[in-house]
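Everything below belongs to input_5.tsv, which stores TSV, C-alpha atoms.
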```tsv
chain	number	residue	atom	x	y	z
A	297	MET	CA	23.57	26.36	-1.04
A	298	THR	CA	23.01	29.79	-2.58
A	299	ASP	CA	22.08	28.23	-5.91
A	300	LEU	CA	19.70	25.86	-4.12
A	301	LEU	CA	17.93	28.71	-2.33
A	302	LEU	CA	17.65	30.70	-5.54
A	303	THR	CA	16.10	27.70	-7.26
A	304	LEU	CA	13.56	27.21	-4.49
A	305	LEU	CA	12.79	30.92	-4.36
A	306	HIS	CA	11.60	30.68	-7.96
A	307	GLY	CA	8.71	28.64	-6.60
A	308	VAL	CA	7.63	31.17	-3.98
A	309	PRO	CA	5.55	33.36	-6.34
A	310	TRP	CA	3.70	30.27	-7.58
A	311	THR	CA	3.10	29.04	-4.04
A	312	LEU	CA	1.72	32.42	-2.99
A	313	ALA	CA	-0.34	32.75	-6.18
A	314	VAL	CA	-1.99	29.34	-5.72
A	315	THR	CA	-2.66	30.07	-2.05
A	316	LEU	CA	-4.06	33.56	-2.51
A	317	CYS	CA	-6.17	32.76	-5.58
A	318	ALA	CA	-7.63	29.60	-4.04
A	319	PHE	CA	-8.36	31.40	-0.77
A	320	ALA	CA	-10.01	34.33	-2.56
A	321	MET	CA	-12.17	31.95	-4.58
A	322	GLY	CA	-13.11	29.98	-1.47
A	323	ALA	CA	-13.85	33.10	0.56
A	324	VAL	CA	-16.39	34.20	-2.06
A	325	LEU	CA	-17.84	30.74	-2.67
A	326	GLY	CA	-18.28	30.19	1.06
A	327	PHE	CA	-20.98	32.88	1.34
A	328	PRO	CA	-23.59	31.30	-0.97
A	329	LEU	CA	-22.86	27.87	0.50
A	330	CYS	CA	-23.36	29.29	3.99
A	331	ALA	CA	-26.58	31.01	2.89
A	332	LEU	CA	-27.90	27.71	1.54
A	333	ARG	CA	-26.99	25.94	4.78
A	334	LEU	CA	-28.96	28.56	6.71
A	335	SER	CA	-31.89	28.60	4.28
A	336	GLY	CA	-35.39	28.00	5.55
A	337	PHE	CA	-35.98	25.77	2.53
A	338	ALA	CA	-35.04	22.22	3.51
A	339	PRO	CA	-33.93	21.00	0.04
A	340	CYS	CA	-31.45	23.89	-0.15
A	341	ARG	CA	-30.01	22.97	3.24
A	342	VAL	CA	-29.68	19.32	2.27
A	343	LEU	CA	-28.07	20.16	-1.09
A	344	ALA	CA	-25.56	22.52	0.52
A	345	ALA	CA	-24.76	19.99	3.26
A	346	LEU	CA	-24.10	17.30	0.64
A	347	LEU	CA	-21.87	19.64	-1.37
A	348	VAL	CA	-19.85	20.62	1.68
A	349	LEU	CA	-19.55	17.01	2.84
A	350	THR	CA	-18.41	15.86	-0.59
A	351	LEU	CA	-15.85	18.62	-1.02
A	352	ARG	CA	-14.41	18.09	2.46
A	353	SER	CA	-14.40	14.30	2.46
A	354	ILE	CA	-12.46	13.60	-0.74
A	355	PRO	CA	-8.66	14.19	-0.51
A	356	PRO	CA	-7.50	17.38	-2.23
A	357	ILE	CA	-5.12	15.53	-4.53
A	358	VAL	CA	-8.03	13.45	-5.86
A	359	TRP	CA	-9.98	16.62	-6.62
A	360	LEU	CA	-7.00	18.11	-8.44
A	361	PHE	CA	-6.51	14.98	-10.53
A	362	PHE	CA	-10.24	14.78	-11.25
A	363	ILE	CA	-10.35	18.40	-12.43
A	364	PHE	CA	-7.08	18.39	-14.40
A	365	PHE	CA	-7.06	14.92	-15.94
A	366	GLY	CA	-10.82	14.37	-15.95
A	367	ILE	CA	-12.58	17.62	-16.76
A	368	GLY	CA	-9.50	19.38	-18.13
A	369	GLY	CA	-8.44	16.34	-20.13
A	370	GLY	CA	-11.54	15.99	-22.22
A	371	TYR	CA	-13.98	18.85	-21.77
A	372	ILE	CA	-12.30	22.12	-20.79
A	373	ASP	CA	-8.75	23.21	-21.52
A	374	LEU	CA	-7.30	23.94	-18.08
A	375	SER	CA	-3.73	24.86	-17.26
A	376	PRO	CA	-2.12	23.14	-14.24
A	377	PHE	CA	-2.31	26.42	-12.32
A	378	ALA	CA	-6.00	26.94	-13.10
A	379	ALA	CA	-6.84	23.35	-12.17
A	380	ALA	CA	-4.96	23.66	-8.87
A	381	VAL	CA	-6.67	26.93	-7.98
A	382	LEU	CA	-10.09	25.57	-8.94
A	383	GLY	CA	-9.68	22.39	-6.91
A	384	LEU	CA	-8.25	24.05	-3.82
A	385	GLY	CA	-10.72	26.93	-4.16
A	386	LEU	CA	-13.71	24.59	-4.10
A	387	ILE	CA	-12.38	22.81	-1.02
A	388	THR	CA	-11.65	26.15	0.65
A	389	GLY	CA	-15.18	27.34	-0.08
A	390	ALA	CA	-16.61	24.28	1.66
A	391	HIS	CA	-14.46	24.80	4.74
A	392	LEU	CA	-15.05	28.56	4.94
A	393	SER	CA	-18.80	28.10	4.57
A	394	GLU	CA	-18.69	26.22	7.86
A	395	VAL	CA	-16.56	28.97	9.39
A	396	TYR	CA	-19.12	31.56	8.26
A	397	ARG	CA	-21.98	29.43	9.57
A	398	GLY	CA	-20.33	29.20	12.97
A	399	ALA	CA	-19.68	32.93	12.97
A	400	PHE	CA	-23.32	33.62	12.12
A	401	ALA	CA	-24.45	31.42	15.01
A	402	ALA	CA	-22.11	33.33	17.33
A	403	ILE	CA	-23.84	36.67	16.66
A	404	PRO	CA	-25.98	37.41	19.73
A	405	ALA	CA	-29.71	36.99	19.20
A	406	GLY	CA	-30.20	40.49	20.59
A	407	GLN	CA	-28.54	41.93	17.49
A	408	HIS	CA	-31.19	40.36	15.26
A	409	GLU	CA	-33.95	41.48	17.62
A	410	ALA	CA	-32.62	45.04	17.60
A	411	ALA	CA	-32.53	45.04	13.81
A	412	ASN	CA	-36.15	43.89	13.72
A	413	ALA	CA	-37.13	46.53	16.26
A	414	LEU	CA	-35.59	49.21	14.06
A	415	ALA	CA	-37.60	47.86	11.11
A	416	LEU	CA	-34.49	47.43	9.00
A	417	THR	CA	-34.95	45.89	5.59
A	418	ALA	CA	-33.32	42.52	4.89
A	419	PRO	CA	-30.40	44.09	2.95
A	420	GLN	CA	-29.88	46.69	5.70
A	421	ARG	CA	-29.95	44.00	8.37
A	422	PHE	CA	-27.40	41.92	6.51
A	423	PHE	CA	-24.93	44.64	5.46
A	424	ASP	CA	-25.21	46.90	8.52
A	425	VAL	CA	-25.69	44.39	11.34
A	426	VAL	CA	-24.84	40.83	10.35
A	427	LEU	CA	-21.97	41.12	7.86
A	428	PRO	CA	-19.61	43.33	9.94
A	429	GLN	CA	-19.92	41.03	12.95
A	430	LEU	CA	-19.74	37.86	10.88
A	431	VAL	CA	-16.51	38.96	9.20
A	432	ARG	CA	-14.98	40.04	12.49
A	433	ILE	CA	-15.76	36.71	14.14
A	434	ALA	CA	-14.74	34.62	11.12
A	435	ILE	CA	-11.39	36.28	10.42
A	436	PRO	CA	-9.26	34.37	12.98
A	437	ALA	CA	-10.46	30.93	11.87
A	438	SER	CA	-10.19	31.95	8.22
A	439	ALA	CA	-6.61	33.13	8.75
A	440	THR	CA	-5.73	29.82	10.39
A	441	TYR	CA	-7.19	27.95	7.43
A	442	ALA	CA	-5.19	30.14	5.03
A	443	ILE	CA	-1.98	29.00	6.71
A	444	GLY	CA	-2.98	25.38	6.20
A	445	LEU	CA	-3.82	26.19	2.59
A	446	LEU	CA	-0.31	27.56	2.10
A	447	LYS	CA	1.06	24.14	3.02
A	448	ASP	CA	-1.59	22.27	1.03
A	449	SER	CA	-0.60	24.26	-2.06
A	450	ALA	CA	2.33	21.86	-2.33
A	451	ILE	CA	0.06	19.28	-3.96
A	452	ALA	CA	-0.17	21.60	-6.97
A	453	SER	CA	3.29	20.28	-7.80
A	454	THR	CA	1.68	16.98	-8.83
A	455	LEU	CA	0.11	18.84	-11.76
A	456	GLY	CA	3.36	20.52	-12.73
A	457	VAL	CA	2.79	23.92	-11.13
A	458	GLY	CA	6.25	25.35	-10.50
A	459	GLU	CA	5.82	26.10	-6.80
A	460	ILE	CA	8.28	25.33	-3.99
A	461	SER	CA	7.74	21.57	-3.80
A	462	PHE	CA	7.97	21.24	-7.58
A	463	GLN	CA	11.26	23.15	-7.62
A	464	ALA	CA	12.54	21.00	-4.74
A	465	TYR	CA	11.69	17.80	-6.59
A	466	GLN	CA	13.36	18.97	-9.78
A	467	GLU	CA	16.48	20.04	-7.90
A	468	SER	CA	16.68	16.77	-5.93
A	469	GLN	CA	16.47	14.80	-9.18
A	470	ARG	CA	19.26	16.90	-10.65
A	471	SER	CA	21.63	17.00	-7.68
A	472	PHE	CA	20.75	13.75	-5.88
A	473	GLN	CA	20.88	15.69	-2.60
A	474	GLY	CA	17.37	15.04	-1.39
A	475	LEU	CA	18.05	15.70	2.30
A	476	GLU	CA	19.55	19.13	1.72
A	477	VAL	CA	16.98	20.12	-0.88
A	478	TYR	CA	13.88	19.14	1.08
A	479	SER	CA	15.30	20.53	4.32
A	480	ALA	CA	15.73	23.87	2.59
A	481	ALA	CA	12.20	23.62	1.19
A	482	ALA	CA	10.84	22.90	4.68
A	483	LEU	CA	12.63	25.94	6.07
A	484	LEU	CA	11.22	28.06	3.27
A	485	TYR	CA	7.67	26.91	4.04
A	486	LEU	CA	8.35	27.69	7.71
A	487	ALA	CA	9.60	31.16	6.81
A	488	LEU	CA	6.36	31.81	4.93
A	489	SER	CA	3.91	30.28	7.40
A	490	ALA	CA	5.43	31.32	10.75
A	491	PRO	CA	4.85	35.09	10.30
A	492	ALA	CA	1.34	34.37	9.06
A	493	ALA	CA	0.68	32.20	12.12
A	494	LEU	CA	1.92	34.91	14.48
A	495	PHE	CA	-0.23	37.49	12.72
A	496	SER	CA	-3.23	35.17	12.96
A	497	ARG	CA	-2.74	34.76	16.72
A	498	TRP	CA	-2.39	38.51	17.20
A	499	LEU	CA	-5.47	39.18	15.08
A	500	SER	CA	-7.48	36.55	16.93
A	501	ALA	CA	-6.57	38.04	20.31
A	502	THR	CA	-7.32	41.58	19.12
A	503	LEU	CA	-10.72	40.71	17.68
A	504	LYS	CA	-11.62	38.61	20.71
A	505	ARG	CA	-11.10	41.66	22.92
A	506	ARG	CA	-13.22	43.82	20.63
A	507	ILE	CA	-16.18	41.46	20.51
A	508	ALA	CA	-16.02	40.43	24.15
A	509	PRO	CA	-19.18	41.39	26.08
```

Rewrite the structure from the file as structure tokens, please.
Amino acid sequence: MTDLLLTLLHGVPWTLAVTLCAFAMGAVLGFPLCALRLSGFAPCRVLAALLVLTLRSIPPIVWLFFIFFGIGGGYIDLSPFAAAVLGLGLITGAHLSEVYRGAFAAIPAGQHEAANALALTAPQRFFDVVLPQLVRIAIPASATYAIGLLKDSAIASTLGVGEISFQAYQESQRSFQGLEVYSAAALLYLALSAPAALFSRWLSATLKRRIAP
């Protein structure tokens, strides 16, 4: 059992790396997508809506195969890790853009009116009024999505990324003890996601109290 756990633990850094890199990419990408969705220019709104719909509607594993075997196979040299991060990052950006859009809509109209009354410039209004509240409102939902992304990172194993599921598959093929191996892998995922879920609930409750009227 000790050897099994040590084998699976070799996949933890890869699991965390895929999750964190994809989430960071998506968190950044979500802002321009959200801005396009909120644009006063109709073609921009339509384009952003189509991008978000496309990214969210196609299964993640299809995106990863498309990027790695399609784009990476003939046009750009992509490692399995880079392809996994790129695919999951694009999907994360689409989801977080909707989180940001909902957070923007939740900012009271009086905040925008006050900013206009103070004659703040557009950058001042965004960075001093909108952005702090948007981030504070969006954090709980974003944290919840990050937990789901931790579990979804398992599909990176289909590209050969040496994360937890990949290590579990290799070990099960070697030892022919699939039940024990995948049970241990499930417990390891639980050990990673449970503390994050508890932190997310605490953070959500804390921020809800701070932004309550």

**Report entry** Distance criterion (all atoms listed in the file): nearest to Ala401 (chain A) out of A:Leu384, A:Leu499, A:Arg333, A:Asp424
**Finding:**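 When distances to Ala401 (chain A) are compared using all atoms listed in the file, the smallest one comes from A:Arg333.
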
With the cut-off set at 12 Å and counting all atoms listed in the file, tabulate each residue of region 323-399 of chain A with an atom at most that distance from an atom of region 441-459 of chain A, showing the nearest atom pair and its distance in Å to one decimal, ordered by chain and increasing number, as CSV.
```
residue,atom,partner,partner_atom,distance
A:Ala323,CA,A:Ala442,CA,10.2
A:Pro355,CA,A:Ile451,CA,10.7
A:Pro356,CA,A:Ile451,CA,8.0
A:Ile357,CA,A:Ile451,CA,6.4
A:Val358,CA,A:Ile451,CA,10.2
A:Trp359,CA,A:Ile451,CA,10.7
A:Leu360,CA,A:Ala452,CA,7.8
A:Phe361,CA,A:Leu455,CA,7.8
A:Phe362,CA,A:Leu455,CA,11.1
A:Ile363,CA,A:Leu455,CA,10.5
A:Phe364,CA,A:Leu455,CA,7.7
A:Phe365,CA,A:Leu455,CA,9.2
A:Gly368,CA,A:Leu455,CA,11.5
A:Leu374,CA,A:Leu455,CA,11.0
A:Ser375,CA,A:Val457,CA,9.0
A:Pro376,CA,A:Leu455,CA,5.4
A:Phe377,CA,A:Val457,CA,5.8
A:Ala378,CA,A:Val457,CA,9.5
A:Ala379,CA,A:Leu455,CA,8.3
A:Ala380,CA,A:Ala452,CA,5.5
A:Val381,CA,A:Ala452,CA,8.5
A:Leu382,CA,A:Ala452,CA,10.9
A:Gly383,CA,A:Ala452,CA,9.5
A:Leu384,CA,A:Ser449,CA,7.9
A:Gly385,CA,A:Leu445,CA,9.7
A:Ile387,CA,A:Leu445,CA,9.9
A:Thr388,CA,A:Leu445,CA,8.1
A:Gly389,CA,A:Tyr441,CA,11.0
A:Ala390,CA,A:Tyr441,CA,11.6
A:His391,CA,A:Tyr441,CA,8.4
A:Leu392,CA,A:Tyr441,CA,8.3
A:Ser393,CA,A:Tyr441,CA,12.0
A:Glu394,CA,A:Tyr441,CA,11.6
A:Val395,CA,A:Tyr441,CA,9.6
```

Requested in this report: Report the distance between CA of Gly398 (chain A) and CA of Arg432 (chain A) in Å, rounded to one decimal place.
Outcome: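 Here the two named atoms are 12.1 Å from each other.
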
Query raised in the report: In Å, with one decimal, what is the gap from CA of Val425 (chain A) to CA of Ser335 (chain A)?
Result: 18.4 Å

Query raised in the report: Within 9 Å of Leu484 (chain A), counting all atoms listed in the file, which residues qualify if same-chain residues fewer than 2 places away don't, as a ChimeraX atom specification?
Result: /A:301,304-305,308,460,479-482,486-489

What would the file look like if the residues just selected were written as a PDB file, in the frame of the given file with C-alpha atoms?
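Output below, filename part_12.pdb:
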```pdb
ATOM      1  CA  LEU A 301      17.930  28.710  -2.330  1.00  0.00           C
ATOM      2  CA  LEU A 304      13.560  27.210  -4.490  1.00  0.00           C
ATOM      3  CA  LEU A 305      12.790  30.920  -4.360  1.00  0.00           C
ATOM      4  CA  VAL A 308       7.630  31.170  -3.980  1.00  0.00           C
ATOM      5  CA  ILE A 460       8.280  25.330  -3.990  1.00  0.00           C
ATOM      6  CA  SER A 479      15.300  20.530   4.320  1.00  0.00           C
ATOM      7  CA  ALA A 480      15.730  23.870   2.590  1.00  0.00           C
ATOM      8  CA  ALA A 481      12.200  23.620   1.190  1.00  0.00           C
ATOM      9  CA  ALA A 482      10.840  22.900   4.680  1.00  0.00           C
ATOM     10  CA  LEU A 486       8.350  27.690   7.710  1.00  0.00           C
ATOM     11  CA  ALA A 487       9.600  31.160   6.810  1.00  0.00           C
ATOM     12  CA  LEU A 488       6.360  31.810   4.930  1.00  0.00           C
ATOM     13  CA  SER A 489       3.910  30.280   7.400  1.00  0.00           C
TER      14      SER A 489
END
```

**Report entry** Pick from A:Val477, A:Phe462, A:Thr311, A:Thr440 nearest to Leu494 (chain A), counting all atoms listed in the file
**Finding:**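 Among A:Val477, A:Phe462, A:Thr311, A:Thr440, it is A:Thr440 that comes nearest to Leu494 (chain A).
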
**Report entry** For Thr502 (chain A), the nearest of the candidates A:Tyr478, A:Ile433, A:Gly370, A:Asn412, counting only C-alpha atoms
**Finding:** A:Ile433

Query raised in the report: Which residue gives the smallest distance to Gly326 (chain A) among A:Val426, A:Leu349, A:Ala405, A:Leu386, with all atoms listed in the file counted?
Result: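 Among A:Val426, A:Leu349, A:Ala405, A:Leu386, it is A:Leu386 that comes nearest to Gly326 (chain A).
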
**Report entry** Among listed residues A:Ala464, A:Leu334, A:Ala413, A:Ile403, nearest Tyr485 (chain A) (using only C-alpha atoms)
**Finding:** A:Ala464

Query raised in the report: Can you tell me how far CA of Thr298 (chain A) sits from CA of Pro491 (chain A), in Å to one decimal?
Result: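 Those two atoms sit 22.9 Å apart.
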
**Report entry** Arg421 (chain A) surroundings by all atoms listed in the file, 12 Å radius, close-in-sequence under 6 positions cut, as an MDAnalysis selection string
**Finding:** chainID A and resid 407:415 427:429
